[in-house]
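Pasting data.cif here (mmCIF, C-alpha atoms):
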data_upload
#
loop_
_atom_site.label_atom_id
_atom_site.label_comp_id
_atom_site.auth_asym_id
_atom_site.auth_seq_id
_atom_site.Cartn_x
_atom_site.Cartn_y
_atom_site.Cartn_z
CA MET F 1 -34.39 -32.48 33.42
CA ILE F 2 -33.64 -28.91 34.43
CA VAL F 3 -33.09 -26.95 31.19
CA LEU F 4 -31.63 -23.46 30.91
CA LEU F 5 -32.53 -21.66 27.66
CA ASN F 6 -30.57 -18.46 26.92
CA GLY F 7 -31.68 -15.75 24.51
CA SER F 8 -30.49 -12.25 23.67
CA TYR F 9 -33.87 -10.56 23.11
CA ALA F 10 -36.65 -11.20 25.60
CA PRO F 11 -39.68 -11.05 23.23
CA SER F 12 -38.09 -13.76 21.09
CA LEU F 13 -38.58 -16.20 23.97
CA ILE F 14 -42.30 -15.91 23.29
CA ARG F 15 -42.44 -15.35 19.56
CA PHE F 16 -39.64 -17.64 18.37
CA ARG F 17 -39.24 -20.17 21.20
CA GLY F 18 -42.62 -20.16 22.94
CA PRO F 19 -43.87 -23.45 21.46
CA PHE F 20 -40.49 -25.08 22.20
CA ILE F 21 -40.63 -23.95 25.83
CA GLN F 22 -44.18 -25.24 26.16
CA ALA F 23 -43.26 -28.56 24.53
CA MET F 24 -40.39 -29.09 26.99
CA ILE F 25 -42.65 -28.29 29.95
CA ALA F 26 -45.31 -30.66 28.59
CA ARG F 27 -42.72 -33.45 28.70
CA GLY F 28 -42.08 -32.76 32.38
CA HIS F 29 -38.88 -30.74 32.15
CA SER F 30 -38.21 -27.75 34.40
CA VAL F 31 -37.41 -24.82 32.10
CA HIS F 32 -35.48 -21.68 33.06
CA CYS F 33 -35.07 -18.85 30.54
CA THR F 34 -32.70 -15.89 30.45
CA ALA F 35 -32.64 -12.63 28.49
CA PRO F 36 -31.81 -8.97 29.12
CA ASP F 37 -34.47 -6.32 29.81
CA VAL F 38 -37.42 -8.70 30.21
CA PRO F 39 -40.74 -6.80 29.91
CA PRO F 40 -43.43 -7.69 32.48
CA ALA F 41 -45.66 -9.10 29.75
CA VAL F 42 -42.95 -11.53 28.64
CA ALA F 43 -42.15 -12.56 32.22
CA GLY F 44 -45.85 -13.05 32.92
CA GLN F 45 -46.41 -15.22 29.86
CA LEU F 46 -43.41 -17.42 30.64
CA SER F 47 -44.56 -17.83 34.25
CA GLN F 48 -48.05 -18.71 33.07
CA TRP F 49 -46.60 -21.51 30.96
CA GLY F 50 -44.62 -22.77 33.97
CA ALA F 51 -41.15 -21.49 33.04
CA THR F 52 -38.89 -19.47 35.33
CA VAL F 53 -37.40 -16.31 33.84
CA HIS F 54 -34.13 -14.64 34.85
CA GLU F 55 -33.06 -11.19 33.66
CA LEU F 56 -29.33 -11.00 32.93
CA PRO F 57 -27.12 -8.12 31.76
CA LEU F 58 -26.44 -8.35 28.02
CA SER F 59 -25.95 -5.87 25.22
CA ARG F 60 -27.03 -7.49 21.96
CA THR F 61 -24.94 -5.14 19.83
CA GLY F 62 -22.02 -4.05 22.04
CA LEU F 63 -18.52 -5.41 21.47
CA GLY F 64 -16.94 -4.30 24.77
CA LEU F 65 -15.12 -6.99 26.72
CA GLY F 66 -16.36 -5.69 30.08
CA GLY F 67 -20.00 -6.28 29.14
CA GLN F 68 -19.25 -9.75 27.77
CA ALA F 69 -17.40 -10.73 30.94
CA ALA F 70 -20.28 -9.51 33.11
CA TYR F 71 -22.73 -11.60 31.09
CA PHE F 72 -20.50 -14.71 31.31
CA LEU F 73 -20.15 -14.35 35.08
CA ALA F 74 -23.90 -13.78 35.54
CA LEU F 75 -24.65 -16.93 33.54
CA ARG F 76 -22.14 -18.92 35.54
CA ARG F 77 -23.57 -17.76 38.87
CA LEU F 78 -27.08 -18.62 37.69
CA MET F 79 -25.97 -22.11 36.62
CA GLN F 80 -24.37 -22.68 40.00
CA ARG F 81 -27.68 -21.79 41.64
CA VAL F 82 -30.12 -23.54 39.26
CA ARG F 83 -27.86 -26.55 38.47
CA PRO F 84 -29.27 -27.29 35.00
CA ASP F 85 -28.79 -30.63 33.30
CA LEU F 86 -28.68 -28.98 29.88
CA VAL F 87 -27.88 -25.44 28.71
CA ILE F 88 -29.29 -24.32 25.35
CA GLY F 89 -28.46 -21.09 23.55
CA TYR F 90 -29.67 -19.33 20.44
CA THR F 91 -28.06 -16.29 18.79
CA ILE F 92 -24.34 -15.75 19.06
CA LYS F 93 -23.75 -14.29 22.55
CA PRO F 94 -25.97 -16.75 24.45
CA ASN F 95 -24.46 -19.55 22.37
CA VAL F 96 -20.89 -18.50 23.10
CA PHE F 97 -21.02 -17.41 26.72
CA GLY F 98 -23.68 -19.91 27.79
CA SER F 99 -21.64 -22.75 26.32
CA LEU F 100 -18.39 -21.55 27.92
CA ALA F 101 -20.02 -21.06 31.31
CA ALA F 102 -21.58 -24.52 31.08
CA ARG F 103 -18.24 -26.12 30.19
CA SER F 104 -16.57 -24.44 33.17
CA LEU F 105 -19.09 -26.24 35.42
CA GLY F 106 -19.16 -29.58 33.58
CA ILE F 107 -22.71 -29.09 32.22
CA ARG F 108 -23.95 -30.35 28.84
CA SER F 109 -24.64 -27.61 26.31
CA VAL F 110 -26.18 -27.23 22.85
CA SER F 111 -25.99 -24.22 20.53
CA MET F 112 -28.77 -23.45 18.07
CA VAL F 113 -27.31 -21.51 15.14
CA THR F 114 -30.23 -19.53 13.77
CA GLY F 115 -28.11 -17.73 11.17
CA LEU F 116 -24.56 -16.44 10.83
CA GLY F 117 -25.60 -12.85 10.24
CA PHE F 118 -23.54 -9.67 10.37
CA ALA F 119 -20.38 -11.33 11.66
CA PHE F 120 -20.15 -13.62 8.62
CA TYR F 121 -20.46 -11.24 5.69
CA ASP F 122 -17.70 -8.84 4.77
CA SER F 123 -19.03 -5.30 4.43
CA GLY F 124 -15.49 -3.94 4.19
CA THR F 125 -15.73 -1.80 7.32
CA PHE F 126 -13.10 -2.01 10.04
CA VAL F 127 -15.69 -2.61 12.79
CA GLN F 128 -17.32 -5.43 10.85
CA LYS F 129 -14.01 -7.10 10.05
CA GLN F 130 -13.05 -7.04 13.73
CA ALA F 131 -16.46 -8.39 14.72
CA MET F 132 -16.09 -11.18 12.17
CA ARG F 133 -12.69 -12.24 13.49
CA LEU F 134 -13.83 -12.17 17.11
CA SER F 135 -17.10 -13.98 16.37
CA ARG F 136 -15.32 -16.81 14.58
CA LEU F 137 -12.85 -17.28 17.42
CA LEU F 138 -15.60 -17.29 20.05
CA TYR F 139 -17.78 -19.67 18.05
CA ARG F 140 -14.88 -22.12 17.80
CA LEU F 141 -14.50 -22.08 21.59
CA ALA F 142 -18.24 -22.52 22.06
CA THR F 143 -18.70 -25.39 19.61
CA ASP F 144 -15.71 -27.17 21.13
CA ALA F 145 -17.69 -27.06 24.38
CA ASN F 146 -21.02 -28.12 22.86
CA GLU F 147 -22.39 -31.63 22.74
CA GLN F 148 -24.30 -30.71 19.59
CA VAL F 149 -24.69 -27.72 17.29
CA ILE F 150 -28.08 -27.41 15.65
CA PHE F 151 -28.37 -25.65 12.29
CA GLN F 152 -31.22 -24.56 10.06
CA ASN F 153 -29.50 -24.92 6.68
CA GLY F 154 -26.57 -26.76 5.18
CA ASP F 155 -24.81 -23.59 3.98
CA ASP F 156 -24.28 -22.48 7.58
CA VAL F 157 -22.73 -25.84 8.46
CA ALA F 158 -20.33 -25.65 5.52
CA ASP F 159 -19.40 -22.03 6.22
CA MET F 160 -18.83 -22.64 9.94
CA VAL F 161 -16.55 -25.58 9.15
CA ALA F 162 -14.68 -23.63 6.45
CA ALA F 163 -14.18 -20.67 8.81
CA GLY F 164 -12.75 -22.90 11.53
CA CYS F 165 -15.74 -22.33 13.81
CA LEU F 166 -16.74 -25.99 14.01
CA ALA F 167 -13.84 -28.40 14.38
CA ASP F 168 -16.05 -31.50 14.58
CA PRO F 169 -18.73 -31.52 11.83
CA GLY F 170 -20.11 -34.66 13.44
CA LYS F 171 -21.71 -32.43 16.10
CA ALA F 172 -23.96 -30.77 13.50
CA ARG F 173 -27.68 -31.54 13.47
CA MET F 174 -30.32 -30.06 11.16
CA VAL F 175 -33.89 -28.83 11.69
CA ASN F 176 -36.32 -26.94 9.44
CA GLY F 177 -35.99 -23.51 11.00
CA SER F 178 -37.63 -22.69 14.30
CA GLY F 179 -40.99 -23.81 12.92
CA VAL F 180 -44.23 -21.93 12.62
CA ASP F 181 -47.46 -22.36 14.59
CA LEU F 182 -50.00 -22.99 11.83
CA ALA F 183 -52.92 -22.46 14.20
CA HIS F 184 -51.66 -19.09 15.45
CA TYR F 185 -50.56 -17.85 12.03
CA SER F 186 -53.65 -19.08 10.24
CA SER F 187 -54.32 -18.54 6.55
CA ALA F 188 -56.06 -15.30 5.61
CA PRO F 189 -57.54 -14.12 2.26
CA LEU F 190 -55.22 -12.11 0.04
CA PRO F 191 -56.19 -8.48 -0.57
CA ASP F 192 -56.94 -7.74 -4.22
CA ALA F 193 -54.65 -4.70 -4.37
CA PRO F 194 -50.82 -4.97 -4.46
CA VAL F 195 -49.59 -4.46 -0.89
CA PHE F 196 -45.99 -5.46 -0.10
CA LEU F 197 -44.69 -6.08 3.41
CA MET F 198 -41.23 -6.49 4.93
CA ILE F 199 -40.65 -7.36 8.60
CA ALA F 200 -37.13 -7.13 10.01
CA ARG F 201 -34.78 -5.35 12.34
CA LEU F 202 -33.68 -2.31 10.35
CA LEU F 203 -30.26 -3.63 9.40
CA VAL F 204 -28.33 -3.31 6.16
CA ALA F 205 -27.85 -7.10 6.11
CA LYS F 206 -31.61 -7.65 6.20
CA GLY F 207 -31.87 -5.93 2.81
CA VAL F 208 -33.74 -2.88 4.06
CA ARG F 209 -31.95 -0.59 1.61
CA GLU F 210 -32.75 -2.84 -1.35
CA TYR F 211 -36.40 -3.03 -0.30
CA ALA F 212 -36.54 0.74 0.07
CA ALA F 213 -34.91 1.37 -3.32
CA ALA F 214 -37.27 -1.03 -5.10
CA ALA F 215 -40.35 0.23 -3.26
CA LEU F 216 -39.62 3.91 -3.83
CA SER F 217 -39.03 3.33 -7.55
CA LEU F 218 -42.25 1.33 -7.90
CA LYS F 219 -44.21 3.88 -5.86
CA ARG F 220 -43.34 6.58 -8.39
CA ARG F 221 -44.73 4.44 -11.22
CA TYR F 222 -47.61 2.80 -9.34
CA PRO F 223 -48.79 5.38 -6.80
CA ASN F 224 -51.70 3.19 -5.67
CA TRP F 225 -49.45 0.29 -4.65
CA ARG F 226 -48.59 0.13 -0.96
CA PHE F 227 -45.27 -0.75 0.67
CA LEU F 228 -45.25 -1.58 4.39
CA LEU F 229 -42.24 -1.91 6.69
CA VAL F 230 -42.34 -3.38 10.20
CA GLY F 231 -39.38 -3.40 12.58
CA PHE F 232 -37.22 -1.24 14.80
CA LEU F 233 -34.04 0.77 14.52
CA ASP F 234 -31.03 -1.23 15.70
CA GLN F 235 -28.10 0.56 17.34
CA GLY F 236 -25.53 -1.98 16.14
CA PRO F 237 -22.84 -1.18 13.57
CA ASP F 238 -25.02 -2.54 10.75
CA GLY F 239 -28.08 -0.48 11.68
CA VAL F 240 -30.00 1.71 9.22
CA SER F 241 -30.13 5.30 10.46
CA ALA F 242 -33.20 7.23 11.55
CA ALA F 243 -32.49 9.69 8.71
CA GLU F 244 -32.62 6.89 6.13
CA LEU F 245 -35.89 5.68 7.59
CA ALA F 246 -37.33 9.18 7.43
CA ARG F 247 -36.43 9.44 3.72
CA CYS F 248 -38.18 6.12 3.09
CA GLN F 249 -41.32 7.43 4.76
CA GLU F 250 -41.16 10.67 2.78
CA GLY F 251 -41.08 8.58 -0.41
CA GLY F 252 -44.24 6.71 0.51
CA ILE F 253 -43.12 3.65 2.47
CA GLU F 254 -45.48 3.08 5.41
CA PHE F 255 -43.44 2.36 8.55
CA LEU F 256 -45.56 0.56 11.14
CA GLY F 257 -42.86 0.34 13.83
CA GLU F 258 -42.24 -2.71 15.99
CA LEU F 259 -45.34 -4.87 16.44
CA ASP F 260 -46.01 -7.37 19.23
CA ASP F 261 -48.38 -9.17 16.86
CA ILE F 262 -47.50 -9.12 13.15
CA ARG F 263 -50.67 -10.89 11.99
CA PRO F 264 -52.74 -7.72 11.33
CA ALA F 265 -49.92 -6.36 9.14
CA MET F 266 -49.62 -9.69 7.33
CA ARG F 267 -53.37 -9.72 6.65
CA GLN F 268 -53.01 -6.34 4.92
CA ALA F 269 -50.28 -7.69 2.64
CA SER F 270 -50.75 -9.44 -0.69
CA ALA F 271 -47.02 -10.32 -0.92
CA TYR F 272 -44.16 -10.69 1.54
CA VAL F 273 -40.61 -9.49 0.79
CA LEU F 274 -37.34 -10.25 2.63
CA PRO F 275 -34.19 -9.37 0.63
CA SER F 276 -31.83 -10.51 3.41
CA TYR F 277 -28.15 -11.24 2.75
CA ARG F 278 -28.39 -14.54 4.68
CA GLU F 279 -30.46 -16.18 7.43
CA GLY F 280 -30.74 -19.43 9.35
CA THR F 281 -34.29 -19.91 8.17
CA PRO F 282 -36.17 -16.58 8.24
CA ARG F 283 -39.01 -16.84 10.72
CA SER F 284 -40.99 -13.96 9.21
CA VAL F 285 -41.06 -15.79 5.87
CA LEU F 286 -42.44 -18.91 7.56
CA GLU F 287 -45.17 -16.78 9.18
CA ALA F 288 -46.00 -15.26 5.79
CA MET F 289 -46.19 -18.74 4.23
CA ALA F 290 -48.43 -20.02 7.02
CA MET F 291 -50.79 -17.10 6.34
CA GLY F 292 -50.87 -17.93 2.62
CA ARG F 293 -48.64 -15.15 1.29
CA PRO F 294 -46.45 -15.34 -1.82
CA VAL F 295 -42.81 -14.63 -1.01
CA ILE F 296 -39.97 -12.75 -2.65
CA THR F 297 -36.61 -13.37 -1.01
CA THR F 298 -32.96 -13.79 -1.94
CA ASN F 299 -31.11 -16.76 -3.32
CA ALA F 300 -29.01 -16.71 -0.14
CA PRO F 301 -28.29 -19.25 2.61
CA GLY F 302 -31.42 -19.86 4.66
CA CYS F 303 -33.66 -17.67 2.53
CA ARG F 304 -33.62 -20.06 -0.41
CA GLU F 305 -34.77 -22.88 1.88
CA THR F 306 -38.22 -21.25 1.99
CA VAL F 307 -38.99 -20.62 -1.69
CA VAL F 308 -39.30 -22.96 -4.64
CA GLN F 309 -38.72 -20.66 -7.60
CA ASP F 310 -41.93 -19.90 -9.52
CA HIS F 311 -43.89 -22.18 -7.19
CA ASN F 312 -44.56 -20.25 -3.99
CA GLY F 313 -42.51 -17.17 -4.81
CA LEU F 314 -39.47 -15.66 -6.47
CA LEU F 315 -35.77 -15.70 -5.61
CA VAL F 316 -33.56 -12.72 -6.48
CA PRO F 317 -29.81 -12.14 -6.16
CA VAL F 318 -28.45 -10.66 -2.94
CA ARG F 319 -27.93 -6.86 -2.91
CA ASP F 320 -29.67 -6.44 -6.28
CA ALA F 321 -32.34 -3.76 -5.91
CA LYS F 322 -33.15 -3.78 -9.63
CA ALA F 323 -33.82 -7.52 -9.68
CA LEU F 324 -35.92 -7.13 -6.55
CA GLU F 325 -37.89 -4.32 -8.17
CA ALA F 326 -38.55 -6.46 -11.25
CA ALA F 327 -39.78 -9.37 -9.11
CA MET F 328 -42.04 -7.08 -7.09
CA GLU F 329 -43.42 -5.52 -10.27
CA ARG F 330 -44.16 -8.96 -11.74
CA LEU F 331 -46.00 -10.08 -8.63
CA GLY F 332 -47.75 -6.76 -8.10
CA SER F 333 -49.08 -6.80 -11.67
CA ASP F 334 -50.59 -10.29 -11.55
CA GLY F 335 -53.24 -11.08 -8.94
CA GLY F 336 -53.66 -14.63 -10.22
CA LEU F 337 -49.95 -15.31 -9.74
CA ARG F 338 -50.10 -13.95 -6.19
CA SER F 339 -53.02 -16.26 -5.45
CA ARG F 340 -51.27 -19.37 -6.84
CA TYR F 341 -48.01 -18.63 -5.05
CA GLY F 342 -49.85 -17.92 -1.79
CA ALA F 343 -51.66 -21.27 -1.86
CA ALA F 344 -48.35 -23.03 -2.57
CA SER F 345 -46.71 -21.20 0.34
CA LEU F 346 -49.35 -22.48 2.76
CA ALA F 347 -48.98 -26.06 1.48
CA LEU F 348 -45.17 -25.89 1.88
CA ALA F 349 -45.47 -24.47 5.41
CA ARG F 350 -47.74 -27.36 6.40
CA GLU F 351 -45.48 -29.96 4.80
CA LYS F 352 -42.06 -28.78 5.98
CA PHE F 353 -42.16 -26.12 8.69
CA ALA F 354 -44.92 -27.03 11.17
CA VAL F 355 -43.66 -26.11 14.64
CA ASP F 356 -44.69 -29.38 16.31
CA SER F 357 -42.53 -31.37 13.89
CA VAL F 358 -39.57 -29.01 14.33
CA ASN F 359 -39.81 -29.12 18.12
CA ALA F 360 -40.02 -32.92 18.11
CA ALA F 361 -36.81 -33.02 16.06
CA LEU F 362 -35.10 -30.55 18.42
CA MET F 363 -36.00 -32.57 21.49
CA GLU F 364 -34.88 -35.81 19.87
CA HIS F 365 -31.50 -34.27 19.01
CA MET F 366 -31.09 -32.97 22.57
CA GLY F 367 -32.31 -36.10 24.32
CA LEU F 368 -35.21 -34.31 25.99
#
Please render this file's structure as structure tokens.
Amino acid sequence: MIVLLNGSYAPSLIRFRGPFIQAMIARGHSVHCTAPDVPPAVAGQLSQWGATVHELPLSRTGLGLGGQAAYFLALRRLMQRVRPDLVIGYTIKPNVFGSLAARSLGIRSVSMVTGLGFAFYDSGTFVQKQAMRLSRLLYRLATDANEQVIFQNGDDVADMVAAGCLADPGKARMVNGSGVDLAHYSSAPLPDAPVFLMIARLLVAKGVREYAAAALSLKRRYPNWRFLLVGFLDQGPDGVSAAELARCQEGGIEFLGELDDIRPAMRQASAYVLPSYREGTPRSVLEAMAMGRPVITTNAPGCRETVVQDHNGLLVPVRDAKALEAAMERLGSDGGLRSRYGAASLALAREKFAVDSVNAALMEHMGL
């Protein structure tokens, strides 16, 4: 088949979907990929694998109708030229506009819902409320067009149905996240000292503020403990400001910026933290598990799929910086506990989240 895979952030084609792209090519399919602002390194890697990359205009965070229309029309023109047999999207804008463009041309489409994110939690702001209403309407149109909708946790299915975004629950299929490459993210020894790490776009909904509050409080009491943060400032309405980030750094949080390869940072860490408000299945947690790290995350949709309480990590309530601080203090104070949880994380990653198994399930669902 000719497959068109649409993403909203070019590096994610390599980091999150690289093994899936390679698996489709290995089965003899012709794979085309789209994203905005494709760096030469990403384009080169995709070409080396045998995929064809197309750069399309898309603002990941903008809500303007002109930009959305331009993206839809660019996708439609590309489909007319490439004539794919199947269109696949992941993240909301590629899902919505790729599915609608495909329907307008009579092409099969599948959406991969990798989390409901900012548009599905109510922060109380006017912008967020408008984004939530628009997102739900667009998702309903997209899923009506889809042959299947692939989810990473049951909470997202239930919430999409309840919100009117999925009229036919029979279209829903389930996979265990996007999978993790256990060879690439290989297990590494835990450092003896307490070193905490969070990797995320710097968004309120990722729990950056809770991590910062807990870390800064612990840093005052345990000055030798280290707290690392990896990611980048996001210009969307949910983004953490540069001023907030600067205050975190002044308090002792070590900001490492955006990393093309997170493995060196993960090797420094003796525990991984992601206090997100909800996810599909958080990829960074899977990478931490594959590298043998204990995990602290929230008892929220998607996040709780990765942790068995008091087995490979700890679950804390959403938006509860004090509970997060207590969990981090417990883990930071007990090297033996970190070691036991880390070994359990690796075993769970091997059992449930291996990328080859996830990709096989994806391709079976899609008929590839």
**OP:** Take the PyMOL selection byres ((chain F and resi 217) around 12), apply it to the structure above, and return the hits as a list in words.
**Re:**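 After applying the PyMOL selection byres ((chain F and resi 217) around 12), what remains is Glu210, Tyr211, Ala212, Ala213, Ala214, Ala215, Leu216, Leu218, Lys219, Arg220, Arg221, Tyr222, Pro223, Trp225, Phe227, Cys248, Gly251, Gly252, Ile253, Ala321, Lys322, Leu324, Glu325, Ala326, Met328 and Glu329 of chain F.
Nearest residue to Arg201 (chain F) among F:Phe126, F:Arg173, F:Met289, F:Val230 is F:Val230, counting all atoms listed in the file.
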Subject >> Residues within 12 Å of (-48.0, -16.6, 28.4), file coords, all atoms listed in the file, listed as a PyMOL selection string >> reply: chain F and resi 11+13-15+17-19+21-22+40-53
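Closest approach to Ala131 (chain F) among F:Glu55, F:Glu147, F:Asp238, F:Asp192: F:Asp238, based on all atoms listed in the file.
Residue nearest Asp155 (chain F), chosen from F:Leu228, F:Leu286, F:Val113, F:Leu141 and counting only C-alpha atoms: F:Val113.
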Original post:
Which residue gives the smallest distance to Lys352 (chain F) among F:Thr281, F:Ser187, F:Gln249, F:Gln130, with only C-alpha atoms counted?
Top reply: F:Thr281
**OP:** Would you work out the distance separating CA of Val285 (chain F) from CA of Val273 (chain F), expressed in Å to one decimal?
**Re:** 8.1 Å
**OP:** Check what the PyMOL selection byres ((chain F and resi 163) around 12) selects in the file above and give those residues as number ranges by chain.
**Re:** F: 116, 119-121, 132-140, 156-162, 164-167
Give me a file of those residues, with C-alpha atoms, as a short mmCIF file (atom, residue, chain, number, x, y, z; two decimals), keeping the file's coordinate frame.
data_model
loop_
_atom_site.label_atom_id
_atom_site.label_comp_id
_atom_site.auth_asym_id
_atom_site.auth_seq_id
_atom_site.Cartn_x
_atom_site.Cartn_y
_atom_site.Cartn_z
CA LEU F 116 -24.56 -16.44 10.83
CA ALA F 119 -20.38 -11.33 11.66
CA PHE F 120 -20.15 -13.62 8.62
CA TYR F 121 -20.46 -11.24 5.69
CA MET F 132 -16.09 -11.18 12.17
CA ARG F 133 -12.69 -12.24 13.49
CA LEU F 134 -13.83 -12.17 17.11
CA SER F 135 -17.10 -13.98 16.37
CA ARG F 136 -15.32 -16.81 14.58
CA LEU F 137 -12.85 -17.28 17.42
CA LEU F 138 -15.60 -17.29 20.05
CA TYR F 139 -17.78 -19.67 18.05
CA ARG F 140 -14.88 -22.12 17.80
CA ASP F 156 -24.28 -22.48 7.58
CA VAL F 157 -22.73 -25.84 8.46
CA ALA F 158 -20.33 -25.65 5.52
CA ASP F 159 -19.40 -22.03 6.22
CA MET F 160 -18.83 -22.64 9.94
CA VAL F 161 -16.55 -25.58 9.15
CA ALA F 162 -14.68 -23.63 6.45
CA GLY F 164 -12.75 -22.90 11.53
CA CYS F 165 -15.74 -22.33 13.81
CA LEU F 166 -16.74 -25.99 14.01
CA ALA F 167 -13.84 -28.40 14.38
#
**OP:** Pick out the residues sitting within 9 Å of Ser104 (chain F), and hand them over as a ChimeraX atom specification; count all atoms listed in the file, and ignore anything fewer than 4 positions along from it in its own chain.
**Re:** /F:76,99-100
